[in-house]
Amino acid sequence: PVHRLDKETSGLLLLATEPEALTRLSALFARGEVKKKYLALVHGSFDIKNEAKFLWDTPLSKEAGGRNIPAGKGKKVAAVTQYTLLEQSPHYALLEIELLTGRKHQIRRHAKLAGHPVTGDSRYGSQRSIRFLKENCNYHRLGLHAFRLSFQNPEQSCRVIITSDQIPVEMNALLEQDRQQDRLKQNQ
């Protein structure tokens, strides 16, 4: 593997098959030359229009905190997460996320600090919401999916873009289930 994802995060993982490729690609990641985009299904809804880009820019410590101290302990450093609202239901929102810096659990920590924890997040979300999602919605995952990597090919003058075009089934199902329940309530 050239890079890593949190164990609970689904999606793209870049693998090298030769030592030279591993060295070159690892250097791109280390220099911040690889753009990474994620889909995040978070709690709550946003009063914003789709396609607008917004920032979470709360400084974070280099070491991850937990549910009670998501910013972490100790010295804080700049951390910037850009997000775009893709769609939402009454209780959940699907965001496209681009990391502009790279801190441990950055998306999960920023989402928690913004009051929109990632669904199914056992470290930063509430135990009550995790239990509700499992028992009532058959939702058993972290709502975070790495869906796009892009970088300049160091050997050629072309941009390499690798994508995972589908929203994970469980994330899509939770959004749709929430919409259906809302329609049922409105029709009663």
# chains A, B, ... in the order shown; residues from 1 in each chain; ligands from 1
call {"tool": "select_by_dssp", "arguments": {"residues": "segment 60-163 of chain A", "states": "strand (DSSP E or B)", "output": "compact mmCIF listing (two decimals) with N, CA, C and O atoms, in the first residue's frame"}}
result
# COMPACT_ATOMS: atom_id res chain seq x y z
N LEU A 60 -6.33 21.33 14.91
CA LEU A 60 -6.36 20.04 15.60
C LEU A 60 -4.97 19.69 16.10
O LEU A 60 -3.98 20.08 15.50
N SER A 61 -4.90 18.92 17.19
CA SER A 61 -3.61 18.41 17.62
C SER A 61 -3.18 17.31 16.66
O SER A 61 -4.00 16.75 15.95
N LYS A 76 -2.10 22.67 18.97
CA LYS A 76 -2.96 22.53 17.80
C LYS A 76 -2.22 23.08 16.57
O LYS A 76 -1.46 24.03 16.66
N VAL A 77 -2.47 22.43 15.44
CA VAL A 77 -1.89 22.87 14.17
C VAL A 77 -3.03 23.06 13.17
O VAL A 77 -4.13 22.53 13.34
N THR A 81 -10.55 21.25 6.11
CA THR A 81 -11.36 20.28 5.39
C THR A 81 -12.39 21.05 4.58
O THR A 81 -13.14 21.85 5.14
N GLN A 82 -12.40 20.82 3.28
CA GLN A 82 -13.39 21.47 2.41
C GLN A 82 -14.53 20.49 2.17
O GLN A 82 -14.28 19.30 1.96
N TYR A 83 -15.77 20.98 2.20
CA TYR A 83 -16.88 20.08 1.94
C TYR A 83 -17.94 20.74 1.07
O TYR A 83 -18.08 21.95 1.04
N THR A 84 -18.64 19.89 0.34
CA THR A 84 -19.76 20.29 -0.51
C THR A 84 -20.93 19.39 -0.16
O THR A 84 -20.77 18.16 -0.06
N LEU A 85 -22.11 19.97 0.03
CA LEU A 85 -23.31 19.19 0.28
C LEU A 85 -23.77 18.58 -1.04
O LEU A 85 -24.02 19.29 -2.02
N LEU A 86 -23.87 17.26 -1.09
CA LEU A 86 -24.34 16.57 -2.29
C LEU A 86 -25.85 16.33 -2.23
O LEU A 86 -26.56 16.55 -3.20
N GLU A 87 -26.31 15.83 -1.09
CA GLU A 87 -27.75 15.60 -0.89
C GLU A 87 -28.00 15.42 0.59
O GLU A 87 -27.07 15.19 1.36
N GLN A 88 -29.28 15.53 0.96
CA GLN A 88 -29.61 15.32 2.36
C GLN A 88 -31.03 14.82 2.52
O GLN A 88 -31.85 14.96 1.62
N TYR A 92 -29.91 13.31 7.89
CA TYR A 92 -28.56 12.98 7.45
C TYR A 92 -28.19 13.80 6.21
O TYR A 92 -29.06 14.21 5.45
N ALA A 93 -26.89 14.01 6.03
CA ALA A 93 -26.40 14.73 4.86
C ALA A 93 -25.21 13.98 4.27
O ALA A 93 -24.36 13.48 5.00
N LEU A 94 -25.18 13.92 2.94
CA LEU A 94 -24.07 13.31 2.23
C LEU A 94 -23.18 14.44 1.72
O LEU A 94 -23.63 15.32 0.98
N LEU A 95 -21.93 14.41 2.17
CA LEU A 95 -20.98 15.45 1.81
C LEU A 95 -19.85 14.88 0.96
O LEU A 95 -19.42 13.75 1.17
N GLU A 96 -19.37 15.69 0.02
CA GLU A 96 -18.12 15.39 -0.67
C GLU A 96 -17.05 16.17 0.08
O GLU A 96 -17.19 17.37 0.30
N ILE A 97 -16.03 15.48 0.49
CA ILE A 97 -14.99 16.06 1.34
C ILE A 97 -13.65 16.03 0.62
O ILE A 97 -13.29 15.02 0.02
N GLU A 98 -12.92 17.14 0.71
CA GLU A 98 -11.54 17.16 0.23
C GLU A 98 -10.65 17.62 1.38
O GLU A 98 -10.90 18.65 2.00
N LEU A 99 -9.65 16.82 1.65
CA LEU A 99 -8.69 17.17 2.69
C LEU A 99 -7.68 18.16 2.12
O LEU A 99 -7.01 17.86 1.13
N VAL A 118 -19.88 11.92 11.85
CA VAL A 118 -20.03 10.92 10.80
C VAL A 118 -20.86 9.77 11.36
O VAL A 118 -20.67 9.34 12.50
N LEU A 144 -18.00 6.78 5.96
CA LEU A 144 -16.87 7.47 5.32
C LEU A 144 -16.30 6.56 4.24
O LEU A 144 -15.99 5.39 4.50
N HIS A 145 -16.18 7.12 3.01
CA HIS A 145 -15.78 6.33 1.85
C HIS A 145 -14.80 7.15 1.00
O HIS A 145 -15.14 8.24 0.55
N ALA A 146 -13.59 6.63 0.82
CA ALA A 146 -12.60 7.29 -0.05
C ALA A 146 -12.99 6.99 -1.50
O ALA A 146 -12.98 5.85 -1.92
N PHE A 147 -13.37 8.04 -2.26
CA PHE A 147 -13.89 7.76 -3.59
C PHE A 147 -13.07 8.35 -4.74
O PHE A 147 -13.32 8.02 -5.89
N ARG A 148 -12.08 9.17 -4.44
CA ARG A 148 -11.29 9.72 -5.55
C ARG A 148 -9.87 10.05 -5.12
O ARG A 148 -9.65 10.66 -4.08
N LEU A 149 -8.92 9.65 -5.95
CA LEU A 149 -7.51 10.03 -5.81
C LEU A 149 -7.08 10.63 -7.14
O LEU A 149 -7.42 10.10 -8.20
N SER A 150 -6.34 11.72 -7.09
CA SER A 150 -5.81 12.27 -8.34
C SER A 150 -4.41 12.82 -8.08
O SER A 150 -4.13 13.36 -7.01
N PHE A 151 -3.55 12.64 -9.08
CA PHE A 151 -2.17 13.11 -8.96
C PHE A 151 -1.56 13.21 -10.35
O PHE A 151 -2.03 12.60 -11.30
N GLN A 152 -0.51 14.00 -10.44
CA GLN A 152 0.25 14.13 -11.68
C GLN A 152 1.17 12.92 -11.79
O GLN A 152 1.93 12.64 -10.86
N ARG A 159 -2.51 13.75 -15.87
CA ARG A 159 -3.09 13.63 -14.53
C ARG A 159 -3.76 12.27 -14.42
O ARG A 159 -4.51 11.87 -15.30
N VAL A 160 -3.50 11.57 -13.34
CA VAL A 160 -4.12 10.28 -13.08
C VAL A 160 -5.28 10.52 -12.12
O VAL A 160 -5.10 11.14 -11.07
N ILE A 161 -6.47 10.04 -12.50
CA ILE A 161 -7.65 10.17 -11.65
C ILE A 161 -8.24 8.77 -11.47
O ILE A 161 -8.56 8.10 -12.44
N ILE A 162 -8.34 8.37 -10.22
CA ILE A 162 -8.89 7.05 -9.88
C ILE A 162 -10.16 7.30 -9.06
O ILE A 162 -10.12 8.03 -8.06
N THR A 163 -11.28 6.72 -9.49
CA THR A 163 -12.54 6.97 -8.79
C THR A 163 -13.28 5.69 -8.48
O THR A 163 -13.13 4.68 -9.15
call {"tool": "residues_around", "arguments": {"residues": "Val2 of chain A", "least_positions_apart": "2", "cutoff": "12 Å", "atoms": "only C-alpha atoms", "output": "PyMOL selection string"}}
result
chain A and resi 4-5+12-30+34+149
call {"tool": "residues_around", "arguments": {"residues": "Leu133 of chain A", "least_positions_apart": "3", "cutoff": "12 Å", "atoms": "only C-alpha atoms", "output": "ChimeraX atom specification"}}
result
/A:43,91-92,118-122,125-130,136-143,170-171,173-175,177-178
call {"tool": "atom_distance", "arguments": {"atom1": "atom CA of Phe132 of chain A", "atom2": "atom CA of Gly72 of chain A"}}
result
26.7 Å
call {"tool": "select_by_dssp", "arguments": {"residues": "segment 39-187 of chain A", "states": "alpha helix (DSSP H)", "output": "JSON, numbers by chain"}}
result
{"A": [106, 107, 108, 109, 110, 111, 112, 113, 127, 128, 129, 130, 131, 132, 133, 134, 135, 136, 137, 169, 170, 171, 172, 173, 174, 175, 176, 177, 178, 179, 180, 181, 182, 183, 184, 185, 186, 187]}
call {"tool": "residues_around", "arguments": {"residues": "segment 106-109 of chain A", "least_positions_apart": "3", "cutoff": "7 Å", "atoms": "only C-alpha atoms", "output": "list in words"}}
result
Pro70, Ala71, Thr81, Gly102, Arg103, Lys112, Leu113, Pro117, Val118 and Tyr124 of chain A
call {"tool": "write_last_selection", "arguments": {"atoms": "C-alpha atoms", "output": "PDB file, in the first residue's frame"}}
result
ATOM      1  CA  PRO A  70     -12.152  15.708  19.304  1.00  0.00           C
ATOM      2  CA  ALA A  71      -9.655  18.532  18.711  1.00  0.00           C
ATOM      3  CA  THR A  81     -11.358  20.282   5.392  1.00  0.00           C
ATOM      4  CA  GLY A 102      -3.748  15.752   6.596  1.00  0.00           C
ATOM      5  CA  ARG A 103      -4.315  15.180  10.298  1.00  0.00           C
ATOM      6  CA  LYS A 112     -17.836  16.130  15.257  1.00  0.00           C
ATOM      7  CA  LEU A 113     -16.636  19.633  16.141  1.00  0.00           C
ATOM      8  CA  PRO A 117     -20.596  13.576  13.438  1.00  0.00           C
ATOM      9  CA  VAL A 118     -20.027  10.922  10.802  1.00  0.00           C
ATOM     10  CA  TYR A 124     -16.347  10.449  17.843  1.00  0.00           C
TER      11      TYR A 124
END
call {"tool": "atom_distance", "arguments": {"atom1": "atom CA of Ala64 of chain A", "atom2": "atom CA of Ile167 of chain A"}}
result
26.8 Å
call {"tool": "atom_distance", "arguments": {"atom1": "atom CA of His116 of chain A", "atom2": "atom CA of Ser45 of chain A"}}
result
8.2 Å
